[in-house]
Amino acid sequence: MTGSAARLDWTPSANLPRTHTSFAGVSYEEMVGRARDLAPKIAARAEACEKLRRMPDETERELHATGLFRIAQPARVGGAELDVGIFVDVCAAVARVCPSTAWNIGNLASHHWMLGYFPPETQAELWDVSTDVLIATSLVFPAGRGRKVEGGYEISGRWPLSSGVDNSDWNLLAFMVRERDDGPPVDQRLALIHRSQYEIVDTWHAAGLCGTGSKDVAIESLFVPERRTITAWAMNGKPHPGSSVNDTPLFRLPLLALGPYVLSGVMLGCAEGAYETTVGAARKRNATMTGLPVAASQPIQIKVAEAAARIDAAKLLMQDACRHAMAMARAGREPVHEDKVRYRRDAFFSVRLCLEAVDILMGIAGSGGLYLSSNMQRLFRDAHAANAHVMFSPDVQGSLFGQHALGLAGPPPLL
C-alpha cells in the first residue's frame, strides 16, 4: 500500500495559542522560575487532574503561555533551546505538587527536541503551522510493525503508554522493520503521525501518575511517507537528518542515551515534595501513642538525614550527567559508548535513591500520609509508578553498564 507524500494540511487543536510567541533568549534560571511560579496553580488542580486522567485544559494553556513545553525546541523557530538539564529542574519544580503534570511536561517538551532530528521539511510541516504543537509518543518498538513500501512505510500496531495523547495533535510511534514477518528486525524507526490517523483506546486506569493520560494508540495498515519517519539510530549523537538546520550543542547530544533525564526530574520532585511535606509536618506533630514530639525521636532524626542525603546525591548525579553531555557537545566531541552507558547507569541509580527517600519519608508520615487530602499519598503512588519506567530499570540499564565494564561482547544497545 502506498499513498501521497504531499504535505499534510492539519488544523491546530483549540488549546494551542493562536499567535506566535518566541521564547528564544529566555534563560535557564527564568524558565525554572516560571515552573516554580506556576506550581501553586498546578497544585490546586492536582486532585482534579487525577480524576480527569489527563492534563486539564487550563494547565495546558498555562504551560503554553509560559513556554515550558518549548524548553528544548530550536531557537531558530522561537524555542528556548536550553541545556538538557532543564528537564530535570523544571520537572522537579512541578512534580513536588503534581507528578502527573510534570511527567507530561517532560514528555511533551522532549518531543520538540526529537522533532529537531527529523528532516527539515518534516519539522516545517508541523512548526510552520504551530510552533506550540504538542506531540505524544509511545517508544515501545515491538508494539509496531512496519513494512517498507514505495515512498515510505506501511505501519500497523497497538502502542501502550502514550502519555499526553489527549492533548496532542501528533504522535511519534516506534516500530520494528522486518524484511519478512518471521524475520529479525532490520531497523527500529519512529513514525510521526497525525491524530486523525490513529485511534485512542482509553486504557489508562492506573494506581499512579493517574493524570498523565497514558492511553493506548492503535493503527492498521497506515502509509507514512519516508520523511515522517526516522531511524532511532539517528539520535545517537552523530550527524542526523536535522543537522543541516539544527547544528547547535543540544542537537549534537545522544538523545536516546540521555532520554531518562527527560523524566528523572519527576522522581526528584516526588522526593523533594515528600521531604517538604513530611519533615514540615513532623516539626509540629506529636506521636499518636506517646504524645511526645515526633521531632525529638532519634530514629526519626536519622531517617530524615538518610532521606535528605539520598535526595541531594540523586540531584548531583542527574545534574552531573547533563552537564557532562553538554560540555562534550560544546567541545565538538562525539559521545563514546562509555559515556552513554554511564548516563543510563546514573539515571537509574539516582531514581532509585529518590524512591528510597520517598519510602523512608512515607514511614515518617505514618497514617497521616494515607489520607487522600494529603499530598504525601500522591507523591508515594506516583513515585512508584514512575519507577516502573524501563529507563529506570536496574535490570536493563544496570546490565548495559555492567556488560561494558566487564568487557562482554553483545549486540549494540539502542543508544
# chains A, B, ... in the order shown; residues from 1 in each chain; ligands from 1
>>> closest_atom_pairs(of="range 238-355 of chain A", to="range 83-93 of chain A", cutoff="9 Å", atoms="only C-alpha atoms", output="CSV")
residue,atom,partner,partner_atom,distance
A:Pro249,CA,A:Asp83,CA,8.4
A:Leu250,CA,A:Asp83,CA,6.5
A:Leu253,CA,A:Val84,CA,8.9
A:Leu258,CA,A:Val84,CA,8.5
A:Tyr261,CA,A:Val88,CA,6.2
A:Val262,CA,A:Phe87,CA,5.2
A:Leu263,CA,A:Val88,CA,7.1
A:Ser264,CA,A:Val88,CA,6.3
A:Gly265,CA,A:Val88,CA,4.0
A:Val266,CA,A:Ala92,CA,5.2
A:Met267,CA,A:Ala92,CA,7.3
A:Leu268,CA,A:Ala92,CA,5.6
A:Gly269,CA,A:Ala92,CA,3.8
A:Cys270,CA,A:Ala92,CA,7.4
A:Ala271,CA,A:Ala92,CA,9.0
A:Glu272,CA,A:Ala92,CA,7.9
A:Gly273,CA,A:Ala92,CA,8.8
A:Lys315,CA,A:Val88,CA,8.6
A:Met318,CA,A:Val88,CA,7.4
A:Gln319,CA,A:Gly85,CA,6.2
A:Asp320,CA,A:Gly85,CA,8.9
A:Ala321,CA,A:Gly85,CA,8.5
A:Cys322,CA,A:Gly85,CA,5.2
A:Arg323,CA,A:Gly85,CA,7.0
A:Ala325,CA,A:Val84,CA,8.4
A:Met326,CA,A:Asp83,CA,6.8
>>> select_by_dssp(residues="range 203-324 of chain A", states="strand (DSSP E)", output="number ranges by chain")
A: 215-225, 229-231
>>> write_last_selection(atoms="N, CA, C and O atoms", output="PDB file, in the first residue's frame")
ATOM      1  N   LYS A 215      -2.697   6.604  27.474  1.00  0.00           N
ATOM      2  CA  LYS A 215      -3.605   5.637  26.855  1.00  0.00           C
ATOM      3  C   LYS A 215      -2.933   4.885  25.703  1.00  0.00           C
ATOM      4  O   LYS A 215      -1.830   5.215  25.285  1.00  0.00           O
ATOM      5  N   ASP A 216      -3.633   3.886  25.204  1.00  0.00           N
ATOM      6  CA  ASP A 216      -3.150   3.134  24.047  1.00  0.00           C
ATOM      7  C   ASP A 216      -3.486   3.881  22.755  1.00  0.00           C
ATOM      8  O   ASP A 216      -4.424   4.694  22.705  1.00  0.00           O
ATOM      9  N   VAL A 217      -2.728   3.558  21.726  1.00  0.00           N
ATOM     10  CA  VAL A 217      -2.953   4.107  20.385  1.00  0.00           C
ATOM     11  C   VAL A 217      -2.916   2.945  19.394  1.00  0.00           C
ATOM     12  O   VAL A 217      -2.049   2.066  19.488  1.00  0.00           O
ATOM     13  N   ALA A 218      -3.860   2.906  18.449  1.00  0.00           N
ATOM     14  CA  ALA A 218      -3.949   1.792  17.508  1.00  0.00           C
ATOM     15  C   ALA A 218      -4.000   2.292  16.067  1.00  0.00           C
ATOM     16  O   ALA A 218      -4.634   3.316  15.772  1.00  0.00           O
ATOM     17  N   ILE A 219      -3.339   1.538  15.176  1.00  0.00           N
ATOM     18  CA  ILE A 219      -3.288   1.849  13.745  1.00  0.00           C
ATOM     19  C   ILE A 219      -3.321   0.537  12.965  1.00  0.00           C
ATOM     20  O   ILE A 219      -2.747  -0.462  13.398  1.00  0.00           O
ATOM     21  N   GLU A 220      -3.962   0.557  11.823  1.00  0.00           N
ATOM     22  CA  GLU A 220      -3.977  -0.621  10.971  1.00  0.00           C
ATOM     23  C   GLU A 220      -3.616  -0.224   9.541  1.00  0.00           C
ATOM     24  O   GLU A 220      -4.320   0.573   8.897  1.00  0.00           O
ATOM     25  N   SER A 221      -2.502  -0.712   9.042  1.00  0.00           N
ATOM     26  CA  SER A 221      -2.072  -0.559   7.640  1.00  0.00           C
ATOM     27  C   SER A 221      -2.100   0.893   7.172  1.00  0.00           C
ATOM     28  O   SER A 221      -2.748   1.233   6.177  1.00  0.00           O
ATOM     29  N   LEU A 222      -1.363   1.736   7.882  1.00  0.00           N
ATOM     30  CA  LEU A 222      -1.290   3.157   7.535  1.00  0.00           C
ATOM     31  C   LEU A 222      -0.016   3.436   6.761  1.00  0.00           C
ATOM     32  O   LEU A 222       1.080   3.057   7.183  1.00  0.00           O
ATOM     33  N   PHE A 223      -0.142   4.120   5.623  1.00  0.00           N
ATOM     34  CA  PHE A 223       1.033   4.556   4.880  1.00  0.00           C
ATOM     35  C   PHE A 223       1.580   5.831   5.509  1.00  0.00           C
ATOM     36  O   PHE A 223       0.840   6.800   5.726  1.00  0.00           O
ATOM     37  N   VAL A 224       2.881   5.841   5.785  1.00  0.00           N
ATOM     38  CA  VAL A 224       3.558   7.018   6.330  1.00  0.00           C
ATOM     39  C   VAL A 224       4.722   7.364   5.411  1.00  0.00           C
ATOM     40  O   VAL A 224       5.581   6.506   5.146  1.00  0.00           O
ATOM     41  N   PRO A 225       4.773   8.576   4.882  1.00  0.00           N
ATOM     42  CA  PRO A 225       5.871   8.941   3.981  1.00  0.00           C
ATOM     43  C   PRO A 225       7.228   8.809   4.661  1.00  0.00           C
ATOM     44  O   PRO A 225       7.348   8.991   5.880  1.00  0.00           O
ATOM     45  N   THR A 229       9.316   9.562   8.950  1.00  0.00           N
ATOM     46  CA  THR A 229       9.892   8.513   9.781  1.00  0.00           C
ATOM     47  C   THR A 229      11.382   8.794   9.939  1.00  0.00           C
ATOM     48  O   THR A 229      11.985   9.528   9.134  1.00  0.00           O
ATOM     49  N   ILE A 230      11.962   8.221  10.969  1.00  0.00           N
ATOM     50  CA  ILE A 230      13.399   8.375  11.197  1.00  0.00           C
ATOM     51  C   ILE A 230      13.893   7.134  11.921  1.00  0.00           C
ATOM     52  O   ILE A 230      13.190   6.565  12.759  1.00  0.00           O
ATOM     53  N   THR A 231      15.079   6.673  11.561  1.00  0.00           N
ATOM     54  CA  THR A 231      15.657   5.573  12.298  1.00  0.00           C
ATOM     55  C   THR A 231      16.065   6.053  13.687  1.00  0.00           C
ATOM     56  O   THR A 231      16.603   7.165  13.838  1.00  0.00           O
TER      57      THR A 231
END
>>> residues_around(residues="Gly164 in chain A", least_positions_apart="2", cutoff="6 Å", atoms="only C-alpha atoms", output="number ranges by chain")
A: 104, 136, 166-167, 212-213
>>> residues_around(residues="His20 in chain A", least_positions_apart="6", cutoff="9 Å", atoms="only C-alpha atoms", output="VMD selection string")
chain A and resid 78 130 to 132
>>> closest_residue(among="A:Gly398, A:Glu338, A:Ala365, A:Gln197", to="Gly280 in chain A", atoms="only C-alpha atoms")
A:Ala365
>>> closest_atom_pairs(of="range 311-398 of chain A", to="range 41-45 of chain A", cutoff="12 Å", atoms="only C-alpha atoms", output="tab-separated table")
residue	atom	partner	partner_atom	distance
A:Ser373	CA	A:Ala44	CA	11.8
A:Ser374	CA	A:Ala43	CA	11.7
A:Asn375	CA	A:Ala43	CA	9.2
A:Arg378	CA	A:Ala43	CA	11.4
A:Leu379	CA	A:Ala43	CA	12.0
>>> residues_around(residues="Phe23 in chain A", least_positions_apart="3", cutoff="6 Å", atoms="only C-alpha atoms", output="list in words")
Val26, Gly78, Gly79 and Ala80 of chain A
>>> residues_around(residues="Arg189 in chain A", least_positions_apart="4", cutoff="12 Å", atoms="only C-alpha atoms", output="PyMOL selection string")
chain A and resi 118+138-148+152-153+155+172-178+185+224+226-235+414
>>> write_last_selection(atoms="N, CA and C atoms", output="CSV table (one decimal), in the first residue's frame")
chain,number,residue,atom,x,y,z
A,118,PHE,N,14.6,15.2,12.9
A,118,PHE,CA,13.9,14.9,11.6
A,118,PHE,C,14.4,15.7,10.4
A,138,SER,N,4.8,6.9,21.9
A,138,SER,CA,5.0,5.6,22.5
A,138,SER,C,6.2,4.9,21.9
A,139,LEU,N,7.2,4.8,22.7
A,139,LEU,CA,8.5,4.3,22.2
A,139,LEU,C,8.7,2.8,22.4
A,140,VAL,N,7.6,2.1,22.4
A,140,VAL,CA,7.6,0.6,22.6
A,140,VAL,C,7.7,0.0,21.2
A,141,PHE,N,9.0,-0.2,20.8
A,141,PHE,CA,9.2,-0.6,19.4
A,141,PHE,C,8.5,-1.9,19.0
A,142,PRO,N,8.5,-3.0,19.9
A,142,PRO,CA,7.9,-4.2,19.4
A,142,PRO,C,6.4,-4.1,19.2
A,143,ALA,N,5.8,-3.0,19.7
A,143,ALA,CA,4.3,-2.8,19.6
A,143,ALA,C,3.9,-2.5,18.1
A,144,GLY,N,4.9,-2.0,17.3
A,144,GLY,CA,4.6,-1.6,16.0
A,144,GLY,C,5.3,-2.4,14.9
A,145,ARG,N,4.6,-2.7,13.8
A,145,ARG,CA,5.1,-3.4,12.7
A,145,ARG,C,5.2,-2.5,11.5
A,146,GLY,N,6.3,-2.5,10.9
A,146,GLY,CA,6.5,-1.6,9.7
A,146,GLY,C,7.0,-2.4,8.5
A,147,ARG,N,6.5,-2.1,7.3
A,147,ARG,CA,7.0,-2.8,6.1
A,147,ARG,C,7.3,-1.7,5.1
A,148,LYS,N,8.5,-1.8,4.5
A,148,LYS,CA,9.0,-0.8,3.6
A,148,LYS,C,8.2,-0.9,2.3
A,152,GLY,N,7.7,5.1,1.4
A,152,GLY,CA,7.6,5.2,2.9
A,152,GLY,C,7.5,3.9,3.5
A,153,TYR,N,6.6,3.8,4.5
A,153,TYR,CA,6.4,2.6,5.3
A,153,TYR,C,4.9,2.4,5.5
A,155,ILE,N,2.4,0.8,8.2
A,155,ILE,CA,2.6,0.6,9.7
A,155,ILE,C,1.3,0.1,10.3
A,172,LEU,N,4.5,10.3,18.0
A,172,LEU,CA,5.7,9.6,17.5
A,172,LEU,C,5.6,8.2,18.0
A,173,LEU,N,5.4,7.3,17.0
A,173,LEU,CA,5.2,5.9,17.4
A,173,LEU,C,6.3,5.0,16.8
A,174,ALA,N,6.9,4.2,17.7
A,174,ALA,CA,8.0,3.4,17.4
A,174,ALA,C,7.6,2.1,16.7
A,175,PHE,N,8.4,1.6,15.8
A,175,PHE,CA,8.0,0.3,15.1
A,175,PHE,C,9.3,-0.4,14.7
A,176,MET,N,9.2,-1.7,14.6
A,176,MET,CA,10.2,-2.6,14.1
A,176,MET,C,10.0,-2.8,12.6
A,177,VAL,N,11.1,-2.8,11.8
A,177,VAL,CA,11.0,-3.1,10.4
A,177,VAL,C,11.7,-4.5,10.2
A,178,ARG,N,10.9,-5.3,9.5
A,178,ARG,CA,11.4,-6.7,9.2
A,178,ARG,C,11.2,-6.9,7.7
A,185,PRO,N,14.4,-8.1,13.1
A,185,PRO,CA,14.3,-6.7,12.8
A,185,PRO,C,15.6,-6.2,12.1
A,224,VAL,N,2.9,5.8,5.8
A,224,VAL,CA,3.6,7.0,6.3
A,224,VAL,C,4.7,7.4,5.4
A,226,GLU,N,8.2,8.5,3.9
A,226,GLU,CA,9.6,8.3,4.4
A,226,GLU,C,10.0,9.5,5.3
A,227,ARG,N,9.7,10.7,4.8
A,227,ARG,CA,10.3,11.9,5.6
A,227,ARG,C,9.6,12.0,7.0
A,228,ARG,N,8.5,11.4,7.2
A,228,ARG,CA,7.9,11.4,8.5
A,228,ARG,C,8.3,10.3,9.4
A,229,THR,N,9.3,9.6,8.9
A,229,THR,CA,9.9,8.5,9.8
A,229,THR,C,11.4,8.8,9.9
A,230,ILE,N,12.0,8.2,11.0
A,230,ILE,CA,13.4,8.4,11.2
A,230,ILE,C,13.9,7.1,11.9
A,231,THR,N,15.1,6.7,11.6
A,231,THR,CA,15.7,5.6,12.3
A,231,THR,C,16.1,6.1,13.7
A,232,ALA,N,15.8,5.2,14.7
A,232,ALA,CA,16.2,5.6,16.1
A,232,ALA,C,17.7,5.8,16.2
A,233,TRP,N,18.4,5.1,15.3
A,233,TRP,CA,19.9,5.2,15.4
A,233,TRP,C,20.4,6.6,15.0
A,234,ALA,N,19.5,7.4,14.4
A,234,ALA,CA,19.9,8.8,14.1
A,234,ALA,C,20.1,9.7,15.3
A,235,MET,N,19.6,9.2,16.5
A,235,MET,CA,19.6,10.0,17.7
A,235,MET,C,20.7,9.6,18.6
A,414,LEU,N,20.5,0.3,21.8
A,414,LEU,CA,20.0,1.5,21.0
A,414,LEU,C,20.3,2.7,21.9
>>> select_by_dssp(residues="range 2-197 of chain A", states="alpha helix (DSSP H)", output="VMD selection string")
chain A and resid 28 to 44 46 to 52 57 to 66 86 to 95 99 to 115 120 to 127
>>> residues_around(residues="Ala357 in chain A", least_positions_apart="4", cutoff="9 Å", atoms="only C-alpha atoms", output="ChimeraX atom specification")
/A:271-272,274-275,303-304,306-311,352-353,361-362
>>> write_last_selection(atoms="N, CA and C atoms", output="CSV table (one decimal), in the first residue's frame")
chain,number,residue,atom,x,y,z
A,271,ALA,N,10.5,13.2,45.5
A,271,ALA,CA,11.3,13.1,46.8
A,271,ALA,C,11.4,14.4,47.5
A,272,GLU,N,11.6,15.5,46.7
A,272,GLU,CA,11.7,16.8,47.4
A,272,GLU,C,10.4,17.2,48.0
A,274,ALA,N,8.0,15.2,49.0
A,274,ALA,CA,7.8,14.3,50.1
A,274,ALA,C,8.6,14.8,51.3
A,275,TYR,N,9.8,15.2,51.1
A,275,TYR,CA,10.6,15.8,52.2
A,275,TYR,C,10.0,17.0,52.8
A,303,LYS,N,16.3,9.0,60.1
A,303,LYS,CA,15.6,8.8,58.8
A,303,LYS,C,15.6,10.0,58.0
A,304,VAL,N,15.4,11.2,58.6
A,304,VAL,CA,15.3,12.5,57.9
A,304,VAL,C,16.7,12.7,57.2
A,306,GLU,N,18.9,10.4,56.4
A,306,GLU,CA,19.1,9.4,55.3
A,306,GLU,C,18.3,9.8,54.0
A,307,ALA,N,17.1,10.3,54.2
A,307,ALA,CA,16.3,10.7,53.1
A,307,ALA,C,16.9,11.9,52.4
A,308,ALA,N,17.3,12.9,53.2
A,308,ALA,CA,17.9,14.1,52.6
A,308,ALA,C,19.2,13.8,51.9
A,309,ALA,N,20.0,12.9,52.4
A,309,ALA,CA,21.3,12.6,51.7
A,309,ALA,C,21.0,11.9,50.4
A,310,ARG,N,20.0,11.1,50.3
A,310,ARG,CA,19.7,10.4,49.1
A,310,ARG,C,19.2,11.4,48.0
A,311,ILE,N,18.3,12.4,48.5
A,311,ILE,CA,17.8,13.4,47.5
A,311,ILE,C,19.0,14.2,47.0
A,352,ARG,N,16.5,5.4,41.8
A,352,ARG,CA,16.4,4.5,42.9
A,352,ARG,C,16.6,5.3,44.3
A,353,LEU,N,17.6,6.2,44.3
A,353,LEU,CA,17.8,6.9,45.5
A,353,LEU,C,16.5,7.8,45.9
A,361,LEU,N,10.4,8.5,53.9
A,361,LEU,CA,9.6,9.6,54.3
A,361,LEU,C,8.1,9.2,54.5
A,362,MET,N,7.6,8.3,53.8
A,362,MET,CA,6.3,7.7,54.0
A,362,MET,C,6.2,7.1,55.3
